[in-house]
$ cat final_6.tsv   # TSV, C-alpha atoms
chain	number	residue	atom	x	y	z
A	1	MET	CA	-15.71	1.96	-2.95
A	2	VAL	CA	-17.08	-1.53	-2.73
A	3	TYR	CA	-15.82	-3.97	-0.14
A	4	ILE	CA	-14.15	-7.13	-1.45
A	5	HIS	CA	-15.40	-10.14	0.52
A	6	SER	CA	-12.69	-12.68	-0.38
A	7	TRP	CA	-9.30	-12.19	1.27
A	8	GLN	CA	-7.36	-13.81	-1.57
A	9	GLU	CA	-9.01	-11.55	-4.13
A	10	PHE	CA	-8.23	-8.48	-2.02
A	11	GLN	CA	-4.60	-9.47	-1.48
A	12	ASP	CA	-4.00	-10.19	-5.17
A	13	ALA	CA	-5.76	-7.00	-6.26
A	14	ALA	CA	-3.91	-4.88	-3.65
A	15	GLU	CA	-0.49	-6.18	-4.70
A	16	ALA	CA	-1.36	-5.71	-8.38
A	17	LEU	CA	-2.61	-2.16	-7.74
A	18	TYR	CA	0.60	-1.25	-5.91
A	19	SER	CA	2.76	-2.85	-8.61
A	20	LYS	CA	0.89	-0.93	-11.31
A	21	SER	CA	1.39	2.52	-9.75
A	22	PRO	CA	3.74	2.52	-6.73
A	23	ASN	CA	4.11	6.32	-6.63
A	24	ASP	CA	0.37	6.99	-6.45
A	25	ALA	CA	-0.80	4.07	-4.29
A	26	ARG	CA	-1.82	4.70	-0.68
A	27	TYR	CA	-2.50	2.00	1.90
A	28	CYS	CA	-4.66	2.70	4.94
A	29	VAL	CA	-5.44	0.52	7.96
A	30	LYS	CA	-8.30	1.39	10.32
A	31	TRP	CA	-9.27	-0.34	13.53
A	32	LYS	CA	-12.74	0.46	14.83
A	33	SER	CA	-12.55	-0.64	18.44
A	34	SER	CA	-16.18	0.18	19.19
A	35	GLU	CA	-17.31	-2.27	16.50
A	36	GLY	CA	-14.28	-4.60	16.64
A	37	LYS	CA	-13.68	-4.25	12.90
A	38	LEU	CA	-10.52	-4.02	10.87
A	39	VAL	CA	-10.80	-2.08	7.60
A	40	LEU	CA	-8.05	-2.15	4.96
A	41	LYS	CA	-8.05	0.26	2.05
A	42	ILE	CA	-5.65	0.70	-0.86
A	43	THR	CA	-6.17	3.29	-3.57
A	44	ASP	CA	-4.38	5.05	-6.41
A	45	ASN	CA	-6.99	7.81	-6.96
A	46	ALA	CA	-8.54	5.84	-9.84
A	47	THR	CA	-9.21	2.49	-8.15
A	48	CYS	CA	-10.21	1.93	-4.54
A	49	LEU	CA	-10.10	-1.50	-2.91
A	50	LYS	CA	-11.49	-2.11	0.58
A	51	PHE	CA	-11.69	-5.14	2.85
A	52	LYS	CA	-13.54	-5.30	6.18
A	53	THR	CA	-13.49	-8.05	8.80
A	54	ASN	CA	-14.24	-8.61	12.46
A	55	SER	CA	-12.54	-12.03	12.59
A	56	SER	CA	-9.21	-12.55	14.35
A	57	ILE	CA	-8.37	-15.29	11.83
A	58	PHE	CA	-7.36	-12.64	9.30
A	59	LEU	CA	-4.62	-11.17	11.53
A	60	ASN	CA	-1.90	-13.53	10.24
A	61	ARG	CA	-3.01	-12.88	6.68
A	62	PHE	CA	-3.04	-9.15	7.40
A	63	GLU	CA	0.54	-9.35	8.70
A	64	SER	CA	1.72	-11.21	5.61
A	65	LEU	CA	0.06	-8.62	3.34
A	66	ASN	CA	1.68	-5.78	5.32
A	67	LEU	CA	5.08	-7.49	5.07
A	68	SER	CA	4.68	-8.01	1.34
A	69	LEU	CA	3.60	-4.42	0.69
A	70	MET	CA	6.32	-2.96	2.93
A	71	GLN	CA	8.98	-4.98	1.13
A	72	LYS	CA	7.71	-3.68	-2.19
A	73	MET	CA	7.63	-0.12	-0.82
A	74	GLN	CA	11.23	-0.47	0.35
A	75	ASN	CA	12.22	-2.15	-2.94
A	76	GLN	CA	13.50	-5.25	-1.13
A	77	ARG	CA	13.27	-8.92	-1.92
A	78	ARG	CA	12.14	-11.51	0.58
A	79	ARG	CA	14.80	-12.77	2.98
A	80	GLU	CA	14.68	-16.30	1.51
A	81	GLU	CA	15.71	-14.92	-1.88
A	82	ILE	CA	18.62	-12.83	-0.57
A	83	PRO	CA	21.86	-14.82	-0.28
A	84	SER	CA	23.10	-14.58	3.28
A	85	VAL	CA	26.69	-13.56	3.96
A	86	PRO	CA	27.78	-14.24	7.55
A	87	VAL	CA	29.23	-11.19	9.29
A	88	VAL	CA	31.04	-11.55	12.56
A	89	ALA	CA	29.49	-9.05	14.94
A	90	SER	CA	32.69	-8.30	16.81
A	91	GLU	CA	34.50	-7.38	13.57
A	92	ALA	CA	31.68	-5.20	12.28
A	93	LEU	CA	31.05	-3.21	15.47
A	94	ALA	CA	34.40	-3.02	17.23
A	95	PRO	CA	36.70	-0.19	16.13
A	96	THR	CA	40.24	-1.22	15.15
A	97	GLU	CA	43.46	0.19	16.60
A	98	SER	CA	44.03	2.30	13.48
A	99	ASP	CA	40.64	3.93	14.13
A	100	HIS	CA	41.74	4.80	17.69
A	101	ALA	CA	45.00	6.35	16.42
A	102	SER	CA	43.13	8.86	14.27
A	103	LEU	CA	40.89	10.02	17.14
A	104	LEU	CA	41.58	12.84	19.54
A	105	PRO	CA	41.89	11.98	23.27
A	106	ALA	CA	38.49	13.59	23.98
A	107	GLN	CA	36.87	11.40	21.32
A	108	LEU	CA	38.69	8.32	22.57
A	109	SER	CA	37.03	8.55	25.99
A	110	ALA	CA	33.58	8.64	24.34
A	111	ILE	CA	34.08	5.22	22.71
A	112	PRO	CA	32.21	2.56	24.69
A	113	THR	CA	34.26	-0.34	25.91
A	114	ALA	CA	33.25	-3.92	26.59
A	115	SER	CA	33.46	-3.58	30.38
A	116	PRO	CA	30.47	-4.56	32.50
A	117	SER	CA	28.39	-1.61	33.54
A	118	ALA	CA	26.72	-1.09	36.88
A	119	GLY	CA	23.38	-0.31	35.30
A	120	GLY	CA	20.27	-1.70	36.84
A	121	VAL	CA	16.78	-0.90	37.89
A	122	LYS	CA	16.24	0.69	41.23
A	123	LYS	CA	13.55	-1.04	43.22
A	124	LYS	CA	10.57	1.01	44.29
A	125	LYS	CA	9.80	1.36	47.96
A	126	PRO	CA	6.57	-0.28	49.03
A	127	LYS	CA	3.72	1.98	50.13
A	128	LYS	CA	3.27	2.47	53.83
A	129	LYS	CA	0.24	0.86	55.36
A	130	LYS	CA	-2.12	3.08	57.29
$ encode --input "final_6.tsv" --output "structure tokens"
Amino acid sequence: MVYIHSWQEFQDAAEALYSKSPNDARYCVKWKSSEGKLVLKITDNATCLKFKTNSSIFLNRFESLNLSLMQKMQNQRRREEIPSVPVVASEALAPTESDHASLLPAQLSAIPTASPSAGGVKKKKPKKKK
């Protein structure tokens, strides 16, 4: 378990390791607050890659690596590659009249409507001065 000192080498090696054996690969993130260090580790029981830093510059790079690995773990492509199909939110979420006809009256009352609600946050009373 030797630490890799170059971020680019670690990122390339980590993505290659996950691509080689996705079922066996494990990815671990440790934050040592007492030392202010971030330690990243990816292993597949045969190979272990580690990267350690105490610089905040690597946070954006760390986020991009996490995003890349999570997309591979979920078997998804990047959003730029996926063709976007516009969906109208009101059509997708609002039930149609035929849906209401098949429901029982008890179920019909449980369907939320688009009326304004009286929800809000109750203000706290100030403490009394002595």
$ atom_distance --input "final_6.tsv" --atom1 "atom CA of A:Met73" --atom2 "atom CA of A:Tyr3"
23.8 Å
$ residues_around --input "final_6.tsv" --residues "A:Glu15" --least-positions-apart "5" --cutoff "9 Å" --atoms "only C-alpha atoms" --output "mmCIF file with C-alpha atoms, keeping the file's coordinate frame"
data_model
loop_
_atom_site.group_PDB
_atom_site.id
_atom_site.type_symbol
_atom_site.label_atom_id
_atom_site.label_comp_id
_atom_site.auth_asym_id
_atom_site.auth_seq_id
_atom_site.Cartn_x
_atom_site.Cartn_y
_atom_site.Cartn_z
ATOM 1 C CA PHE A 10 -8.230 -8.480 -2.020
ATOM 2 C CA LYS A 20 0.890 -0.930 -11.310
ATOM 3 C CA LEU A 65 0.060 -8.620 3.340
ATOM 4 C CA SER A 68 4.680 -8.010 1.340
ATOM 5 C CA LEU A 69 3.600 -4.420 0.690
ATOM 6 C CA LYS A 72 7.710 -3.680 -2.190
#
$ atom_distance --input "final_6.tsv" --atom1 "atom CA of A:Arg26" --atom2 "atom CA of A:Asp44"
6.3 Å
$ residues_around --input "final_6.tsv" --residues "A:Lys32" --least-positions-apart "6" --cutoff "10 Å" --atoms "only C-alpha atoms" --output "list in words"
Leu38, Val39 and Asn54 of chain A
$ residues_near_point --input "final_6.tsv" --point "(0.0, 6.8, -4.9)" --cutoff "10 Å" --atoms "all atoms listed in the file" --output "JSON, numbers by chain"
{"A": [17, 18, 21, 22, 23, 24, 25, 26, 27, 42, 43, 44, 45, 46]}
$ atom_distance --input "final_6.tsv" --atom1 "atom CA of A:Asn75" --atom2 "atom CA of A:Ala16"
15.1 Å
$ closest_residue --input "final_6.tsv" --among "A:Leu59, A:Leu49, A:Val121, A:Met70" --to "A:Asp12" --atoms "all atoms listed in the file"
A:Leu49
$ axis_aligned_box --input "final_6.tsv" --around "stretch 42-55 of chain A" --padding-each-side "3 Å" --output "AutoDock Vina command-line options"
--center_x -9.3 --center_y -2.1 --center_z 1.4 --size_x 15.9 --size_y 25.8 --size_z 28.4
